[in-house]
$ cat query06.pdb   # PDB, C-alpha atoms, pLDDT in the B column
ATOM      1  CA  MET A1418      -4.296   0.809  -5.582  1.00 49.00           C
ATOM      2  CA  ALA A1419      -4.911   3.962  -7.559  1.00 47.00           C
ATOM      3  CA  ALA A1420      -6.556   7.068  -6.202  1.00 43.00           C
ATOM      4  CA  SER A1421      -9.335   8.813  -8.064  1.00 38.00           C
ATOM      5  CA  LEU A1422      -8.964  12.576  -8.054  1.00 37.00           C
ATOM      6  CA  ALA A1423     -12.004  14.592  -8.919  1.00 36.00           C
ATOM      7  CA  THR A1424     -13.675  16.264  -5.961  1.00 37.00           C
ATOM      8  CA  PRO A1425     -13.704  20.083  -6.155  1.00 36.00           C
ATOM      9  CA  ALA A1426     -14.146  20.643  -2.423  1.00 36.00           C
ATOM     10  CA  CYS A1427     -11.298  18.401  -1.296  1.00 39.00           C
ATOM     11  CA  GLY A1428      -8.922  18.835  -4.141  1.00 43.00           C
ATOM     12  CA  SER A1429     -10.195  15.669  -5.711  1.00 48.00           C
ATOM     13  CA  LEU A1430      -8.391  13.626  -3.045  1.00 56.00           C
ATOM     14  CA  MET A1431      -9.936  10.180  -2.962  1.00 46.00           C
ATOM     15  CA  ALA A1432      -8.886   6.927  -1.368  1.00 38.00           C
ATOM     16  CA  ALA A1433      -6.201   4.816  -2.860  1.00 38.00           C
ATOM     17  CA  ALA A1434      -8.838   2.297  -3.714  1.00 38.00           C
ATOM     18  CA  ALA A1435     -11.987   3.911  -4.976  1.00 38.00           C
ATOM     19  CA  ALA A1436     -14.064   4.140  -1.851  1.00 38.00           C
ATOM     20  CA  PRO A1437     -17.090   1.853  -1.659  1.00 39.00           C
ATOM     21  CA  ARG A1438     -20.314   3.560  -2.602  1.00 40.00           C
ATOM     22  CA  ARG A1439     -22.393   4.734   0.307  1.00 43.00           C
ATOM     23  CA  HIS A1440     -26.144   4.783   0.279  1.00 44.00           C
ATOM     24  CA  ALA A1441     -28.309   7.660   1.462  1.00 44.00           C
ATOM     25  CA  ALA A1442     -28.729   7.953   5.231  1.00 44.00           C
ATOM     26  CA  PRO A1443     -31.760   6.075   6.592  1.00 43.00           C
ATOM     27  CA  ARG A1444     -34.720   7.682   8.243  1.00 41.00           C
ATOM     28  CA  ARG A1445     -34.222   8.918  11.780  1.00 42.00           C
ATOM     29  CA  GLY A1446     -35.799   5.841  13.319  1.00 39.00           C
ATOM     30  CA  ALA A1447     -32.925   3.595  12.309  1.00 34.00           C
ATOM     31  CA  VAL A1448     -29.786   3.289  14.397  1.00 34.00           C
ATOM     32  CA  VAL A1449     -27.703   0.655  12.584  1.00 33.00           C
ATOM     33  CA  ARG A1450     -27.199   0.411   8.810  1.00 33.00           C
ATOM     34  CA  ALA A1451     -24.873  -1.499   6.530  1.00 38.00           C
ATOM     35  CA  ALA A1452     -22.685   1.501   5.729  1.00 52.00           C
ATOM     36  CA  GLY A1453     -22.210   2.621   9.327  1.00 68.00           C
ATOM     37  CA  PHE A1454     -23.744   3.752  12.590  1.00 81.00           C
ATOM     38  CA  GLU A1455     -26.215   6.594  12.896  1.00 86.00           C
ATOM     39  CA  MET A1456     -25.955   8.427  16.193  1.00 86.00           C
ATOM     40  CA  PRO A1457     -29.278   8.908  18.012  1.00 88.00           C
ATOM     41  CA  ALA A1458     -30.385  12.525  17.851  1.00 84.00           C
ATOM     42  CA  GLU A1459     -29.792  13.150  21.585  1.00 85.00           C
ATOM     43  CA  TYR A1460     -26.039  12.616  21.210  1.00 84.00           C
ATOM     44  CA  LYS A1461     -24.266  15.701  19.906  1.00 80.00           C
ATOM     45  CA  LYS A1462     -20.616  14.863  20.481  1.00 85.00           C
ATOM     46  CA  VAL A1463     -18.258  11.910  20.153  1.00 89.00           C
ATOM     47  CA  THR A1464     -14.892  11.869  21.943  1.00 93.00           C
ATOM     48  CA  PRO A1465     -12.378   9.387  20.508  1.00 95.00           C
ATOM     49  CA  LEU A1466     -10.267   7.365  22.927  1.00 95.00           C
ATOM     50  CA  ALA A1467      -6.620   6.285  22.801  1.00 94.00           C
ATOM     51  CA  ASP A1468      -5.171   6.621  19.255  1.00 92.00           C
ATOM     52  CA  ARG A1469      -8.462   6.979  17.395  1.00 94.00           C
ATOM     53  CA  VAL A1470      -9.373   9.945  15.227  1.00 95.00           C
ATOM     54  CA  LEU A1471     -12.825  11.234  14.256  1.00 95.00           C
ATOM     55  CA  VAL A1472     -12.678  12.576  10.700  1.00 93.00           C
ATOM     56  CA  LYS A1473     -15.456  14.584   9.059  1.00 92.00           C
ATOM     57  CA  ILE A1474     -15.612  13.095   5.578  1.00 88.00           C
ATOM     58  CA  ALA A1475     -15.373  15.409   2.595  1.00 81.00           C
ATOM     59  CA  ALA A1476     -18.375  15.877   0.306  1.00 73.00           C
ATOM     60  CA  ALA A1477     -19.029  13.197  -2.299  1.00 60.00           C
ATOM     61  CA  GLU A1478     -18.199  13.810  -5.921  1.00 53.00           C
ATOM     62  CA  THR A1479     -21.421  14.909  -7.622  1.00 46.00           C
ATOM     63  CA  LYS A1480     -20.019  15.836 -11.045  1.00 45.00           C
ATOM     64  CA  THR A1481     -17.511  14.295 -13.396  1.00 47.00           C
ATOM     65  CA  THR A1482     -14.550  16.343 -14.580  1.00 50.00           C
ATOM     66  CA  GLY A1483     -16.600  16.974 -17.734  1.00 49.00           C
ATOM     67  CA  GLY A1484     -19.424  18.500 -15.705  1.00 46.00           C
ATOM     68  CA  ILE A1485     -21.853  15.568 -15.920  1.00 45.00           C
ATOM     69  CA  ILE A1486     -24.141  15.316 -12.888  1.00 44.00           C
ATOM     70  CA  LEU A1487     -23.775  11.909 -11.236  1.00 39.00           C
ATOM     71  CA  ALA A1488     -26.745   9.949  -9.905  1.00 45.00           C
ATOM     72  CA  GLU A1489     -26.518   9.279  -6.171  1.00 42.00           C
ATOM     73  CA  SER A1490     -25.790   5.596  -6.829  1.00 47.00           C
ATOM     74  CA  ALA A1491     -22.781   6.599  -8.956  1.00 41.00           C
ATOM     75  CA  GLN A1492     -21.321   9.139  -6.543  1.00 36.00           C
ATOM     76  CA  ARG A1493     -18.074   8.177  -4.821  1.00 47.00           C
ATOM     77  CA  LYS A1494     -17.226   9.039  -1.247  1.00 50.00           C
ATOM     78  CA  PRO A1495     -13.721  10.431  -0.908  1.00 49.00           C
ATOM     79  CA  THR A1496     -11.390   8.981   1.690  1.00 76.00           C
ATOM     80  CA  SER A1497     -10.247  12.373   2.803  1.00 84.00           C
ATOM     81  CA  GLY A1498     -11.632  14.831   5.310  1.00 89.00           C
ATOM     82  CA  ASP A1499     -10.885  17.120   8.228  1.00 91.00           C
ATOM     83  CA  VAL A1500      -9.880  16.026  11.721  1.00 93.00           C
ATOM     84  CA  PHE A1501     -12.826  16.737  14.018  1.00 94.00           C
ATOM     85  CA  GLU A1502     -11.658  15.164  17.298  1.00 96.00           C
ATOM     86  CA  PHE A1503      -8.843  12.833  18.341  1.00 96.00           C
ATOM     87  CA  GLY A1504      -7.790  10.694  21.290  1.00 96.00           C
ATOM     88  CA  ALA A1505      -5.116  11.462  23.862  1.00 95.00           C
ATOM     89  CA  ASP A1506      -2.608   8.978  22.416  1.00 91.00           C
ATOM     90  CA  CYS A1507      -2.536  10.554  18.952  1.00 92.00           C
ATOM     91  CA  LEU A1508       0.821  12.091  18.045  1.00 88.00           C
ATOM     92  CA  GLU A1509       0.590  13.613  14.570  1.00 90.00           C
ATOM     93  CA  VAL A1510      -2.885  15.052  14.019  1.00 91.00           C
ATOM     94  CA  ALA A1511      -4.467  18.389  14.853  1.00 88.00           C
ATOM     95  CA  LYS A1512      -8.022  19.678  14.635  1.00 90.00           C
ATOM     96  CA  GLY A1513      -8.976  21.024  11.238  1.00 87.00           C
ATOM     97  CA  LYS A1514      -6.138  19.385   9.319  1.00 88.00           C
ATOM     98  CA  THR A1515      -7.116  17.625   6.122  1.00 90.00           C
ATOM     99  CA  VAL A1516      -6.134  13.966   6.183  1.00 91.00           C
ATOM    100  CA  LEU A1517      -6.037  11.201   3.616  1.00 88.00           C
ATOM    101  CA  TYR A1518      -6.847   7.779   5.019  1.00 84.00           C
ATOM    102  CA  ASN A1519      -7.159   4.117   4.165  1.00 72.00           C
ATOM    103  CA  LYS A1520     -10.798   3.073   4.424  1.00 66.00           C
ATOM    104  CA  PHE A1521      -9.825  -0.552   4.834  1.00 67.00           C
ATOM    105  CA  GLY A1522      -7.960  -0.229   8.112  1.00 64.00           C
ATOM    106  CA  ILE A1523      -8.968  -2.550  10.951  1.00 68.00           C
ATOM    107  CA  GLY A1524     -11.712  -1.113  13.129  1.00 71.00           C
ATOM    108  CA  CYS A1525     -12.820   1.774  10.897  1.00 85.00           C
ATOM    109  CA  THR A1526     -16.373   2.806  11.761  1.00 89.00           C
ATOM    110  CA  ASP A1527     -18.645   5.019   9.650  1.00 89.00           C
ATOM    111  CA  ILE A1528     -20.788   7.386  11.706  1.00 91.00           C
ATOM    112  CA  GLU A1529     -23.691   9.614  10.682  1.00 90.00           C
ATOM    113  CA  MET A1530     -24.181  12.505  13.114  1.00 89.00           C
ATOM    114  CA  GLY A1531     -26.166  15.703  12.756  1.00 86.00           C
ATOM    115  CA  GLY A1532     -26.618  15.135   9.029  1.00 86.00           C
ATOM    116  CA  ASP A1533     -22.861  14.831   8.392  1.00 89.00           C
ATOM    117  CA  SER A1534     -20.705  11.772   7.652  1.00 89.00           C
ATOM    118  CA  TYR A1535     -17.711  10.870   9.802  1.00 92.00           C
ATOM    119  CA  ILE A1536     -15.308   7.989  10.165  1.00 91.00           C
ATOM    120  CA  MET A1537     -13.676   6.778  13.383  1.00 93.00           C
ATOM    121  CA  ILE A1538     -10.247   5.476  12.471  1.00 92.00           C
ATOM    122  CA  LYS A1539      -6.922   4.686  14.105  1.00 91.00           C
ATOM    123  CA  GLU A1540      -4.208   7.272  13.619  1.00 91.00           C
ATOM    124  CA  GLY A1541      -2.007   4.557  12.126  1.00 88.00           C
ATOM    125  CA  ASP A1542      -4.470   4.106   9.251  1.00 88.00           C
ATOM    126  CA  LEU A1543      -4.114   7.748   8.205  1.00 91.00           C
ATOM    127  CA  ILE A1544      -1.906   8.076   5.135  1.00 91.00           C
ATOM    128  CA  GLY A1545      -0.919  11.727   5.472  1.00 92.00           C
ATOM    129  CA  THR A1546      -1.910  15.240   6.468  1.00 91.00           C
ATOM    130  CA  PHE A1547      -2.117  18.556   4.631  1.00 87.00           C
ATOM    131  CA  PRO A1548      -1.269  21.991   6.081  1.00 77.00           C
ATOM    132  CA  SER A1549      -4.859  23.240   5.986  1.00 73.00           C
ATOM    133  CA  SER A1550      -8.419  22.306   5.195  1.00 73.00           C
ATOM    134  CA  GLY A1551      -9.634  22.208   1.607  1.00 70.00           C
ATOM    135  CA  ALA A1552      -6.483  20.667   0.142  1.00 75.00           C
ATOM    136  CA  THR A1553      -6.533  20.061  -3.610  1.00 77.00           C
ATOM    137  CA  ALA A1554      -4.805  17.616  -5.923  1.00 81.00           C
ATOM    138  CA  ALA A1555      -2.195  20.306  -6.559  1.00 83.00           C
ATOM    139  CA  ASP A1556      -1.284  20.080  -2.855  1.00 87.00           C
ATOM    140  CA  ILE A1557      -0.211  16.425  -3.016  1.00 88.00           C
ATOM    141  CA  PRO A1558       3.525  17.334  -3.022  1.00 90.00           C
ATOM    142  CA  GLN A1559       2.933  19.251   0.244  1.00 90.00           C
ATOM    143  CA  MET A1560       1.434  16.250   2.013  1.00 92.00           C
ATOM    144  CA  THR A1561       3.182  15.107   5.188  1.00 94.00           C
ATOM    145  CA  PRO A1562       3.223  11.297   5.428  1.00 95.00           C
ATOM    146  CA  MET A1563       2.131   9.681   8.701  1.00 94.00           C
ATOM    147  CA  GLY A1564       4.241   7.335  10.793  1.00 93.00           C
ATOM    148  CA  ASP A1565       6.808   5.409   8.763  1.00 96.00           C
ATOM    149  CA  ARG A1566       5.252   6.299   5.416  1.00 96.00           C
ATOM    150  CA  VAL A1567       7.130   7.905   2.535  1.00 97.00           C
ATOM    151  CA  LEU A1568       5.748  10.167  -0.216  1.00 96.00           C
ATOM    152  CA  LEU A1569       7.265   9.390  -3.617  1.00 96.00           C
ATOM    153  CA  ARG A1570       7.008  11.041  -7.031  1.00 94.00           C
ATOM    154  CA  SER A1571       7.130   8.184  -9.520  1.00 91.00           C
ATOM    155  CA  ASP A1572       9.532   8.305 -12.437  1.00 88.00           C
ATOM    156  CA  GLU A1573       7.824   8.564 -15.805  1.00 79.00           C
ATOM    157  CA  ALA A1574       7.765   5.522 -18.051  1.00 64.00           C
ATOM    158  CA  SER A1575       9.322   5.682 -21.498  1.00 51.00           C
ATOM    159  CA  ALA A1576       6.920   5.144 -24.408  1.00 49.00           C
ATOM    160  CA  ILE A1577       9.756   4.214 -26.791  1.00 51.00           C
ATOM    161  CA  THR A1578      11.910   1.089 -26.701  1.00 50.00           C
ATOM    162  CA  ALA A1579      15.694   1.163 -26.998  1.00 53.00           C
ATOM    163  CA  GLY A1580      15.219   0.285 -30.673  1.00 57.00           C
ATOM    164  CA  GLY A1581      12.965   3.289 -31.238  1.00 54.00           C
ATOM    165  CA  ILE A1582       9.629   1.432 -31.348  1.00 56.00           C
ATOM    166  CA  MET A1583       6.646   3.407 -30.018  1.00 54.00           C
ATOM    167  CA  LEU A1584       4.745   1.425 -27.374  1.00 44.00           C
ATOM    168  CA  THR A1585       0.984   1.470 -26.848  1.00 49.00           C
ATOM    169  CA  GLU A1586      -0.135   2.639 -23.429  1.00 51.00           C
ATOM    170  CA  GLY A1587      -1.011  -0.885 -22.346  1.00 54.00           C
ATOM    171  CA  ALA A1588       2.459  -2.153 -23.237  1.00 44.00           C
ATOM    172  CA  ILE A1589       4.380   0.478 -21.288  1.00 46.00           C
ATOM    173  CA  GLU A1590       6.019  -1.030 -18.228  1.00 53.00           C
ATOM    174  CA  LYS A1591       5.624   1.211 -15.192  1.00 62.00           C
ATOM    175  CA  PRO A1592       8.959   1.853 -13.465  1.00 61.00           C
ATOM    176  CA  CYS A1593       9.358   1.095  -9.775  1.00 88.00           C
ATOM    177  CA  THR A1594      11.739   3.968  -9.190  1.00 92.00           C
ATOM    178  CA  ALA A1595      10.927   7.333  -7.715  1.00 94.00           C
ATOM    179  CA  THR A1596      12.168  10.424  -5.911  1.00 96.00           C
ATOM    180  CA  VAL A1597      11.380  10.879  -2.211  1.00 97.00           C
ATOM    181  CA  LEU A1598       9.427  14.079  -1.590  1.00 97.00           C
ATOM    182  CA  ALA A1599       8.733  13.724   2.128  1.00 97.00           C
ATOM    183  CA  VAL A1600       8.956  11.224   4.970  1.00 97.00           C
ATOM    184  CA  GLY A1601       7.005  10.716   8.162  1.00 96.00           C
ATOM    185  CA  PRO A1602       8.508  11.017  11.653  1.00 94.00           C
ATOM    186  CA  GLY A1603       8.928   7.247  11.982  1.00 94.00           C
ATOM    187  CA  LYS A1604       7.094   4.317  13.523  1.00 89.00           C
ATOM    188  CA  LYS A1605       6.483   4.057  17.235  1.00 84.00           C
ATOM    189  CA  GLY A1606       7.767   0.811  18.661  1.00 84.00           C
ATOM    190  CA  GLU A1607       6.258  -1.309  21.421  1.00 82.00           C
ATOM    191  CA  ASP A1608       8.439   0.563  23.897  1.00 85.00           C
ATOM    192  CA  GLY A1609       6.769   3.821  22.861  1.00 80.00           C
ATOM    193  CA  VAL A1610       9.918   5.177  21.228  1.00 87.00           C
ATOM    194  CA  VAL A1611       9.673   6.485  17.655  1.00 88.00           C
ATOM    195  CA  LYS A1612      12.293   4.916  15.376  1.00 91.00           C
ATOM    196  CA  PRO A1613      13.777   7.576  13.063  1.00 92.00           C
ATOM    197  CA  MET A1614      13.482   7.121   9.315  1.00 95.00           C
ATOM    198  CA  SER A1615      16.530   6.017   7.323  1.00 95.00           C
ATOM    199  CA  ILE A1616      15.087   7.386   4.060  1.00 95.00           C
ATOM    200  CA  LYS A1617      15.175  11.156   3.498  1.00 95.00           C
ATOM    201  CA  ALA A1618      13.781  13.705   1.050  1.00 96.00           C
ATOM    202  CA  ASP A1619      15.457  13.793  -2.397  1.00 96.00           C
ATOM    203  CA  ASP A1620      16.634  10.173  -2.164  1.00 96.00           C
ATOM    204  CA  LYS A1621      16.215   8.127  -5.353  1.00 96.00           C
ATOM    205  CA  VAL A1622      14.638   4.791  -4.498  1.00 96.00           C
ATOM    206  CA  MET A1623      13.404   1.518  -5.926  1.00 93.00           C
ATOM    207  CA  TYR A1624      10.211   0.185  -4.364  1.00 93.00           C
ATOM    208  CA  PHE A1625       7.995  -2.897  -4.351  1.00 88.00           C
ATOM    209  CA  LYS A1626       5.777  -2.703  -7.430  1.00 82.00           C
ATOM    210  CA  TYR A1627       2.407  -3.305  -5.765  1.00 85.00           C
ATOM    211  CA  ALA A1628       3.020  -1.433  -2.535  1.00 88.00           C
ATOM    212  CA  GLY A1629       1.383   1.725  -1.281  1.00 88.00           C
ATOM    213  CA  ASP A1630      -1.399   4.058  -2.324  1.00 87.00           C
ATOM    214  CA  LYS A1631      -1.265   5.858  -5.670  1.00 87.00           C
ATOM    215  CA  MET A1632      -2.489   9.415  -6.302  1.00 86.00           C
ATOM    216  CA  TYR A1633      -2.477  11.693  -9.324  1.00 86.00           C
ATOM    217  CA  ASP A1634      -2.268  15.466  -9.470  1.00 85.00           C
ATOM    218  CA  THR A1635      -4.113  17.723 -11.901  1.00 83.00           C
ATOM    219  CA  GLU A1636      -1.425  17.155 -14.551  1.00 86.00           C
ATOM    220  CA  GLY A1637      -1.632  13.371 -14.256  1.00 85.00           C
ATOM    221  CA  LYS A1638       1.679  12.935 -12.449  1.00 89.00           C
ATOM    222  CA  GLU A1639       1.759   9.846 -10.262  1.00 89.00           C
ATOM    223  CA  TYR A1640       2.625   9.866  -6.568  1.00 92.00           C
ATOM    224  CA  VAL A1641       2.872   6.913  -4.201  1.00 92.00           C
ATOM    225  CA  VAL A1642       2.658   6.782  -0.417  1.00 93.00           C
ATOM    226  CA  LEU A1643       4.069   3.603   1.092  1.00 94.00           C
ATOM    227  CA  HIS A1644       5.727   2.284   4.223  1.00 95.00           C
ATOM    228  CA  GLU A1645       9.494   2.588   4.505  1.00 96.00           C
ATOM    229  CA  ASN A1646       9.926  -1.203   4.527  1.00 94.00           C
ATOM    230  CA  ASP A1647       8.375  -1.340   1.019  1.00 95.00           C
ATOM    231  CA  ILE A1648      11.432   0.490  -0.322  1.00 95.00           C
ATOM    232  CA  LEU A1649      13.875  -2.039  -1.745  1.00 94.00           C
ATOM    233  CA  ALA A1650      16.956   0.088  -2.384  1.00 94.00           C
ATOM    234  CA  THR A1651      18.368   3.584  -2.790  1.00 94.00           C
ATOM    235  CA  PHE A1652      20.664   4.702  -5.616  1.00 90.00           C
TER     236      PHE A1652
END
$ encode --input "query06.pdb" --output "structure tokens"
Amino acid sequence: MAASLATPACGSLMAAAAAPRRHAAPRRGAVVRAAGFEMPAEYKKVTPLADRVLVKIAAAETKTTGGIILAESAQRKPTSGDVFEFGADCLEVAKGKTVLYNKFGIGCTDIEMGGDSYIMIKEGDLIGTFPSSGATAADIPQMTPMGDRVLLRSDEASAITAGGIMLTEGAIEKPCTATVLAVGPGKKGEDGVVKPMSIKADDKVMYFKYAGDKMYDTEGKEYVVLHENDILATF
């Protein structure tokens, strides 16, 4: 799944799959809506339990990279934001850190509170964290993967065959090889012990073609975040 990168406020960090469009918040009388849950006005705070994280979602993209104003129906919600609160069992997050997450994790809940959009999500569905709020696409190489995830910089595909024939863009076969930029701390087992990663930064790897979440920096370079078990080999 490829990430769309175009939001000025969050460094154009969007979900690996373009996030589903969200409609405008309903009037204050409504409590439940298709896109999520609107907190009644009397509730001012939500405290996540266990390994859940409350993320304040970044602002939606309102302009294209060419400066065209997007209608509300065409605006895309990023799947990045800042950690607002987190449960006692969380191990890798901290308040204020910018996180990239997978919207399609089990049990994700959209929440509207005080005029702002949030998502309640399990820590395991977070893809990675950035050192500070307001991360941009240029900060992708500085992302710290979560759990047993690995951040890869994909190798560039050749546009010329061995016989010297120039290929059209659609005919270029994407390589499944990459360089490891960063690795997470490892996955916590059922016994509560974190299993160390066997992959390390600077390793050259081959990975499963359709695995992970793709992102692109401002120069169009491709990065992939995937689980360690999606790596097929090192070389």
$ residues_around --input "query06.pdb" --residues "Asp1572 of chain A" --least-positions-apart "6" --cutoff "12 Å" --atoms "only C-alpha atoms" --output "list in words"
Glu1590, Lys1591, Pro1592, Cys1593, Thr1594, Ala1595, Thr1596, Val1597, Lys1621, Val1622, Met1623, Tyr1624, Lys1638, Glu1639, Tyr1640 and Val1641 of chain A
$ residues_around --input "query06.pdb" --residues "Lys1604 of chain A" --least-positions-apart "6" --cutoff "9 Å" --atoms "all atoms listed in the file" --output "ChimeraX atom specification"
/A:1563-1566,1610-1614
$ write_last_selection --input "query06.pdb" --atoms "C-alpha atoms" --output "PDB file, keeping the file's coordinate frame"
ATOM      1  CA  MET A1563       2.131   9.681   8.701  1.00 94.00           C
ATOM      2  CA  GLY A1564       4.241   7.335  10.793  1.00 93.00           C
ATOM      3  CA  ASP A1565       6.808   5.409   8.763  1.00 96.00           C
ATOM      4  CA  ARG A1566       5.252   6.299   5.416  1.00 96.00           C
ATOM      5  CA  VAL A1610       9.918   5.177  21.228  1.00 87.00           C
ATOM      6  CA  VAL A1611       9.673   6.485  17.655  1.00 88.00           C
ATOM      7  CA  LYS A1612      12.293   4.916  15.376  1.00 91.00           C
ATOM      8  CA  PRO A1613      13.777   7.576  13.063  1.00 92.00           C
ATOM      9  CA  MET A1614      13.482   7.121   9.315  1.00 95.00           C
TER      10      MET A1614
END
$ closest_residue --input "query06.pdb" --among "A:Pro1457, A:Gly1513, A:Gly1504, A:Gly1545" --to "Glu1529 of chain A" --atoms "only C-alpha atoms"
A:Pro1457
$ atom_distance --input "query06.pdb" --atom1 "atom CA of Gly1532 of chain A" --atom2 "atom CA of Ala1458 of chain A"
9.9 Å
$ residues_around --input "query06.pdb" --residues "Ser1497 of chain A" --least-positions-apart "3" --cutoff "6 Å" --atoms "all atoms listed in the file" --output "list in words"
Ala1475, Val1516 and Leu1517 of chain A
$ atom_distance --input "query06.pdb" --atom1 "atom CA of Pro1558 of chain A" --atom2 "atom CA of Leu1471 of chain A"
24.6 Å
$ residues_around --input "query06.pdb" --residues "Thr1546 of chain A" --least-positions-apart "6" --cutoff "7 Å" --atoms "all atoms listed in the file" --output "ChimeraX atom specification"
/A:1514-1517,1560-1562
$ closest_residue --input "query06.pdb" --among "A:His1644, A:Lys1461, A:Lys1473, A:Lys1539" --to "Ser1615 of chain A" --atoms "all atoms listed in the file"
A:His1644
$ atom_distance --input "query06.pdb" --atom1 "atom CA of Ser1550 of chain A" --atom2 "atom CA of Lys1512 of chain A"
9.8 Å
$ closest_residue --input "query06.pdb" --among "A:Glu1540, A:Asp1634, A:Asp1608, A:Asp1620" --to "Cys1525 of chain A" --atoms "only C-alpha atoms"
A:Glu1540
$ residues_around --input "query06.pdb" --residues "Ala1505 of chain A" --least-positions-apart "3" --cutoff "10 Å" --atoms "all atoms listed in the file" --output "PDB file with C-alpha atoms, keeping the file's coordinate frame"
ATOM      1  CA  THR A1464     -14.892  11.869  21.943  1.00 93.00           C
ATOM      2  CA  PRO A1465     -12.378   9.387  20.508  1.00 95.00           C
ATOM      3  CA  LEU A1466     -10.267   7.365  22.927  1.00 95.00           C
ATOM      4  CA  ALA A1467      -6.620   6.285  22.801  1.00 94.00           C
ATOM      5  CA  ASP A1468      -5.171   6.621  19.255  1.00 92.00           C
ATOM      6  CA  ARG A1469      -8.462   6.979  17.395  1.00 94.00           C
ATOM      7  CA  VAL A1470      -9.373   9.945  15.227  1.00 95.00           C
ATOM      8  CA  GLU A1502     -11.658  15.164  17.298  1.00 96.00           C
ATOM      9  CA  LEU A1508       0.821  12.091  18.045  1.00 88.00           C
TER      10      LEU A1508
END
$ axis_aligned_box --input "query06.pdb" --around "segment 1605-1615 of chain A" --padding-each-side "6 Å" --output "lines of an AutoDock Vina configuration file"
center_x = 11.4
center_y = 3.1
center_z = 15.6
size_x = 22.3
size_y = 20.9
size_z = 28.6
$ closest_residue --input "query06.pdb" --among "A:Leu1568, A:Cys1507, A:Leu1643, A:Ile1557" --to "Lys1617 of chain A" --atoms "only C-alpha atoms"
A:Leu1568
$ closest_residue --input "query06.pdb" --among "A:Thr1496, A:Thr1553, A:Glu1607, A:Pro1602" --to "Asn1519 of chain A" --atoms "all atoms listed in the file"
A:Thr1496
$ closest_residue --input "query06.pdb" --among "A:Gly1498, A:Val1567, A:Glu1636, A:Thr1526" --to "Ala1476 of chain A" --atoms "all atoms listed in the file"
A:Gly1498
